[in-house]
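Quick look at run-v5.txt (compact mmCIF, C-alpha atoms):
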```txt
# COMPACT_ATOMS: atom_id res chain seq x y z
CA LEU K 67 130.71 -32.94 182.98
CA ILE K 68 127.94 -35.21 181.85
CA GLN K 69 128.31 -37.88 179.21
CA GLY K 70 125.50 -40.12 178.18
CA ASP K 71 122.35 -40.53 176.18
CA ALA K 72 120.40 -37.28 176.44
CA SER K 73 117.15 -39.03 175.60
CA SER K 74 117.31 -41.19 178.72
CA ALA K 75 119.30 -39.00 181.11
CA GLU K 76 117.46 -38.33 184.33
CA ILE K 77 119.07 -35.24 185.75
CA ALA K 78 117.12 -33.32 188.35
CA ARG K 79 119.09 -30.09 188.18
CA ARG K 80 119.34 -27.15 185.81
CA PHE K 81 122.48 -25.37 184.71
CA ASP K 82 123.65 -21.77 184.25
CA VAL K 83 126.02 -22.79 181.45
CA ILE K 84 126.20 -25.80 179.17
CA TRP K 85 129.28 -26.11 176.95
CA ALA K 86 129.73 -28.45 173.97
CA PHE K 87 133.03 -28.03 172.14
CA SER K 88 133.50 -30.09 168.97
CA VAL K 89 130.34 -32.03 169.74
CA LEU K 90 127.33 -30.81 167.75
CA PHE K 91 128.92 -31.42 164.36
CA HIS K 92 129.37 -35.07 165.30
CA MET K 93 125.61 -35.48 165.77
CA THR K 94 123.10 -36.70 163.25
CA ASP K 95 119.95 -34.59 162.99
CA ASN K 96 117.95 -36.85 165.32
CA VAL K 97 120.69 -36.81 167.99
CA LEU K 98 121.00 -33.01 167.66
CA ASP K 99 117.24 -32.75 168.12
CA GLU K 100 117.34 -34.80 171.35
CA THR K 101 120.32 -32.81 172.60
CA LEU K 102 118.61 -29.46 172.06
CA ARG K 103 115.52 -30.76 173.84
CA PHE K 104 117.73 -31.79 176.77
CA VAL K 105 119.51 -28.41 176.78
CA ARG K 106 116.21 -26.48 176.82
CA GLU K 107 114.90 -28.56 179.72
CA HIS K 108 118.09 -28.21 181.75
CA LEU K 109 119.03 -24.54 181.33
CA VAL K 110 117.95 -22.07 183.99
CA ASP K 111 115.86 -19.19 182.61
CA LYS K 112 118.89 -16.95 182.02
CA GLY K 113 121.28 -19.83 181.24
CA VAL K 114 123.39 -20.11 178.10
CA PHE K 115 124.53 -22.96 175.90
CA TYR K 116 127.78 -22.51 173.95
CA ALA K 117 128.76 -24.79 171.07
CA ASN K 118 131.00 -24.58 168.05
CA VAL K 119 129.64 -25.76 164.70
CA LYS K 120 130.75 -26.35 161.14
CA ILE K 121 128.81 -24.14 158.73
CA GLY K 122 128.47 -24.95 155.07
CA ASP K 123 127.60 -27.70 152.64
CA GLN K 124 130.74 -29.83 152.58
CA GLY K 125 128.88 -33.11 152.47
CA ASP K 126 128.79 -35.31 155.53
CA LYS K 127 131.93 -37.26 156.34
CA GLU K 128 133.24 -39.49 159.12
CA TRP K 129 136.04 -39.11 161.61
CA MET K 130 137.01 -42.10 163.78
CA ASP K 131 133.55 -43.68 163.20
CA TYR K 132 131.77 -40.43 164.16
CA PRO K 133 129.76 -38.44 161.64
CA VAL K 134 131.05 -34.99 160.72
CA VAL K 135 128.07 -32.85 159.74
CA TRP K 136 128.03 -29.37 158.17
CA ARG K 137 124.78 -27.46 158.48
CA THR K 138 123.55 -24.04 157.43
CA PRO K 139 122.98 -21.35 160.05
CA GLU K 140 119.29 -21.59 159.19
CA ALA K 141 119.26 -25.30 160.00
CA TYR K 142 120.63 -24.57 163.48
CA GLU K 143 118.22 -21.65 163.95
CA THR K 144 115.24 -23.84 163.00
CA ALA K 145 116.35 -26.74 165.20
CA CYS K 146 116.91 -24.42 168.15
CA ARG K 147 113.66 -22.53 167.65
CA ASN K 148 111.81 -25.89 167.59
CA HIS K 149 113.09 -26.39 171.13
CA GLY K 150 112.55 -22.88 172.47
CA LEU K 151 116.12 -21.69 172.03
CA SER K 152 117.51 -18.59 170.32
CA VAL K 153 120.87 -18.61 168.51
CA GLU K 154 123.53 -15.91 168.39
CA ASP K 155 126.59 -16.37 166.17
CA LEU K 156 129.61 -15.12 168.14
CA GLY K 157 131.97 -15.50 165.18
CA PRO K 158 134.75 -17.79 163.99
CA ILE K 159 136.53 -19.64 166.78
CA GLY K 160 139.86 -18.53 165.31
CA GLU K 161 138.91 -14.92 166.00
CA LEU K 162 137.78 -15.81 169.53
CA GLY K 163 141.19 -17.09 170.58
CA HIS K 164 141.09 -20.73 169.44
CA GLU K 165 143.69 -20.55 166.69
CA THR K 166 144.84 -23.86 165.24
CA GLY K 167 146.59 -22.54 162.15
CA ASP K 168 144.20 -24.62 160.04
CA PRO K 169 141.83 -22.22 158.25
CA THR K 170 139.04 -24.80 158.05
CA GLN K 171 139.20 -25.45 161.80
CA ASP K 172 139.57 -21.78 162.70
CA ALA K 173 136.48 -20.98 160.58
CA GLN K 174 134.14 -23.03 162.79
CA ARG K 175 131.50 -20.76 164.32
CA MET K 176 130.82 -20.34 168.03
CA PHE K 177 127.12 -20.18 168.84
CA LYS K 178 125.49 -18.92 172.00
CA MET K 179 122.00 -20.28 172.61
CA LYS K 180 119.49 -19.16 175.23
CA ARG K 181 116.01 -20.08 176.28
CA ILE K 182 113.28 -18.10 174.56
CA ARG K 183 110.90 -16.78 177.19
```
Now that the file is in, can you turn its structure into structure tokens?
Amino acid sequence: LIQGDASSAEIARRFDVIWAFSVLFHMTDNVLDETLRFVREHLVDKGVFYANVKIGDQGDKEWMDYPVVWRTPEAYETACRNHGLSVEDLGPIGELGHETGDPTQDAQRMFKMKRIR
């Protein structure tokens, strides 16, 4: 596990899998941009990045002093493409086994991102 500022992290290795659960939707656009840059630089060629996201236009909110950001699928696709990553929507997390009983939580989407060759 790595926690820190992606813009200043000096990590000399690359990873097969990077996992961010309930993380991306707490990032402002500029932090998301830096994170995707970091992910692209630190994934091996056939590596994957998994992250769940909130899709829609609910208006940004806060939770415990963290932003809660809803974005469109196109916004994620554009941000990823800008950093050489493709995006595949694997479906709602509730249908992938993460059932909370809260329809809004279960509707979050799981994305799989890979390096574009």
At a cut-off of 10 Å, can you tabulate as CSV every residue of stretch 70-131 of chain K near stretch 158-172 of chain K together with its closest atom pair and the distance in Å to one decimal, using only C-alpha atoms and ordering rows by chain then number?
```
residue,atom,partner,partner_atom,distance
K:Asn118,CA,K:Ile159,CA,7.5
K:Val119,CA,K:Ile159,CA,9.4
K:Lys120,CA,K:Gln171,CA,8.5
```
### Query
Which distance in Å separates atom CA of K:Asp131 and atom CA of K:Phe87, to one decimal?
18.0 Å
Taking all atoms of stretch 78-94 of chain K that the file lists and extending 8 Å past them on each side, where is the centre of the axis-aligned box and how long are its edges? Answer in Å to one decimal, as lines of an AutoDock Vina configuration file.
```
center_x = 125.3
center_y = -29.2
center_z = 175.8
size_x = 32.4
size_y = 30.9
size_z = 41.1
```
### Task
Identify, on the basis of all atoms listed in the file, every residue whose closest approach to stretch 100-112 of chain K does not exceed 8 Å; exclude the query and any residue fewer than 6 positions from it along the same chain; express the result as a ChimeraX atom specification.
/K:72-73,79-84,145-146,149-151,180-181,183
### Query
With all atoms listed in the file as the atoms that count, which of K:Asp99, K:Phe91, K:Glu128, K:Gly113 lies nearest to K:Met179?
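That would be K:Gly113, the residue with the smallest distance to K:Met179.
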### Query
Distance atom CA of K:Gln174-atom CA of K:Val89, one decimal place?
12.0 Å
### Message
One decimal, in Å: what's the spacing between atom CA of K:Val97 and atom CA of K:Gly157?
### Response
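Atom CA of K:Gly157 lies 24.3 Å from atom CA of K:Val97.
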### Answer as a list in words, residues within 8 Å of (130.5, -28.9, 153.7) using all atoms listed in the file
Lys120, Ile121, Gly122, Asp123, Gln124, Gly125, Asp126, Val135, Trp136 and Arg137 of chain K
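When all atoms listed in the file are used to measure the gap to K:Thr144, the shortest distance among K:Leu156, K:Met130, K:Ala173, K:Leu98 belongs to K:Leu98.
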Polymer residues at most 8 Å from K:Asp155, only C-alpha atoms, same-chain spacing of 5 or more positions, as a PDB file with C-alpha atoms, keeping the file's coordinate frame:
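File produced: around.pdb:
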```pdb
ATOM      1  CA  ARG K 175     131.500 -20.760 164.320  1.00  0.00           C
ATOM      2  CA  MET K 176     130.820 -20.340 168.030  1.00  0.00           C
ATOM      3  CA  PHE K 177     127.120 -20.180 168.840  1.00  0.00           C
ATOM      4  CA  LYS K 178     125.490 -18.920 172.000  1.00  0.00           C
TER       5      LYS K 178
END
```
Kindly write chain K with C-alpha atoms to a file, as a short mmCIF file (atom, residue, chain, number, x, y, z; two decimals), in the first residue's frame.
```
data_model
loop_
_atom_site.label_atom_id
_atom_site.label_comp_id
_atom_site.auth_asym_id
_atom_site.auth_seq_id
_atom_site.Cartn_x
_atom_site.Cartn_y
_atom_site.Cartn_z
CA LEU K 67 0.00 0.00 0.00
CA ILE K 68 1.23 3.45 -0.83
CA GLN K 69 -0.19 6.63 0.61
CA GLY K 70 1.13 10.01 -0.25
CA ASP K 71 1.27 12.83 -2.73
CA ALA K 72 1.40 11.29 -6.21
CA SER K 73 2.94 14.42 -7.66
CA SER K 74 6.05 14.10 -5.51
CA ALA K 75 6.24 10.34 -4.95
CA GLU K 76 9.53 8.87 -6.08
CA ILE K 77 8.85 5.20 -6.57
CA ALA K 78 11.28 3.27 -8.70
CA ARG K 79 9.10 0.24 -9.35
CA ARG K 80 6.12 -0.58 -11.53
CA PHE K 81 3.07 -2.59 -10.58
CA ASP K 82 0.94 -5.35 -12.11
CA VAL K 83 -2.17 -4.12 -10.28
CA ILE K 84 -3.10 -0.82 -8.70
CA TRP K 85 -6.32 -0.72 -6.67
CA ALA K 86 -8.17 2.40 -5.47
CA PHE K 87 -11.43 1.66 -3.67
CA SER K 88 -13.53 4.68 -2.65
CA VAL K 89 -10.69 7.00 -3.59
CA LEU K 90 -11.16 8.61 -7.01
CA PHE K 91 -14.47 10.24 -6.15
CA HIS K 92 -12.76 12.06 -3.28
CA MET K 93 -10.35 13.74 -5.70
CA THR K 94 -10.70 17.12 -7.30
CA ASP K 95 -10.00 17.20 -11.03
CA ASN K 96 -6.40 18.35 -10.59
CA VAL K 97 -5.66 15.60 -8.03
CA LEU K 98 -7.32 13.00 -10.31
CA ASP K 99 -5.13 14.23 -13.16
CA GLU K 100 -1.93 13.79 -11.11
CA THR K 101 -3.09 10.38 -9.91
CA LEU K 102 -3.75 9.12 -13.44
CA ARG K 103 -0.34 10.39 -14.52
CA PHE K 104 1.22 8.46 -11.62
CA VAL K 105 -0.77 5.31 -12.47
CA ARG K 106 0.30 5.42 -16.13
CA GLU K 107 3.95 5.81 -15.18
CA HIS K 108 3.85 3.00 -12.62
CA LEU K 109 1.84 0.27 -14.36
CA VAL K 110 3.71 -2.47 -16.19
CA ASP K 111 2.73 -2.77 -19.87
CA LYS K 112 0.00 -5.34 -19.18
CA GLY K 113 -0.89 -3.95 -15.73
CA VAL K 114 -4.38 -2.93 -14.64
CA PHE K 115 -5.78 -0.21 -12.43
CA TYR K 116 -9.13 -0.86 -10.71
CA ALA K 117 -11.19 1.91 -9.12
CA ASN K 118 -14.81 2.47 -8.22
CA VAL K 119 -16.41 5.79 -9.17
CA LYS K 120 -19.62 7.72 -8.70
CA ILE K 121 -21.28 8.40 -12.04
CA GLY K 122 -23.78 11.18 -12.54
CA ASP K 123 -24.39 14.85 -11.93
CA GLN K 124 -25.33 14.97 -8.25
CA GLY K 125 -23.40 18.15 -7.55
CA ASP K 126 -20.20 17.99 -5.58
CA LYS K 127 -20.50 17.49 -1.84
CA GLU K 128 -18.21 16.90 1.13
CA TRP K 129 -17.76 13.98 3.48
CA MET K 130 -15.54 14.41 6.56
CA ASP K 131 -13.74 17.37 4.89
CA TYR K 132 -13.13 15.36 1.69
CA PRO K 133 -14.78 16.28 -1.59
CA VAL K 134 -17.29 13.83 -3.04
CA VAL K 135 -17.27 14.22 -6.82
CA TRP K 136 -19.64 12.70 -9.39
CA ARG K 137 -18.37 12.65 -12.96
CA THR K 138 -19.71 11.41 -16.27
CA PRO K 139 -18.20 8.30 -17.87
CA GLU K 140 -16.95 10.59 -20.64
CA ALA K 141 -15.08 12.73 -18.11
CA TYR K 142 -13.22 9.66 -16.85
CA GLU K 143 -12.58 8.43 -20.40
CA THR K 144 -11.12 11.81 -21.40
CA ALA K 145 -8.98 12.10 -18.27
CA CYS K 146 -7.66 8.57 -18.73
CA ARG K 147 -7.03 8.98 -22.45
CA ASN K 148 -5.05 12.17 -21.68
CA HIS K 149 -2.70 9.95 -19.67
CA GLY K 150 -2.51 7.00 -22.05
CA LEU K 151 -5.05 4.83 -20.26
CA SER K 152 -8.12 3.02 -21.57
CA VAL K 153 -11.26 2.56 -19.45
CA GLU K 154 -13.58 -0.44 -19.23
CA ASP K 155 -16.75 -0.22 -17.13
CA LEU K 156 -17.11 -3.54 -15.29
CA GLY K 157 -20.55 -2.66 -13.91
CA PRO K 158 -22.15 -1.62 -10.63
CA ILE K 159 -20.22 -2.70 -7.56
CA GLY K 160 -23.44 -4.13 -6.10
CA GLU K 161 -23.58 -6.61 -8.98
CA LEU K 162 -19.90 -7.47 -8.51
CA GLY K 163 -20.36 -8.69 -4.95
CA HIS K 164 -20.04 -5.47 -2.93
CA GLU K 165 -23.61 -5.20 -1.69
CA THR K 166 -24.27 -2.59 0.98
CA GLY K 167 -28.06 -2.54 0.79
CA ASP K 168 -27.86 1.16 -0.08
CA PRO K 169 -28.88 1.55 -3.74
CA THR K 170 -26.78 4.70 -4.20
CA GLN K 171 -23.65 2.97 -2.89
CA ASP K 172 -24.31 -0.26 -4.78
CA ALA K 173 -24.71 1.75 -8.01
CA GLN K 174 -21.10 2.97 -7.98
CA ARG K 175 -19.28 1.70 -11.07
CA MET K 176 -16.11 -0.39 -11.07
CA PHE K 177 -13.64 0.69 -13.74
CA LYS K 178 -10.70 -1.25 -15.11
CA MET K 179 -8.01 0.90 -16.69
CA LYS K 180 -5.02 -0.24 -18.72
CA ARG K 181 -2.12 1.36 -20.49
CA ILE K 182 -2.76 2.17 -24.14
CA ARG K 183 0.12 0.82 -26.20
#
```
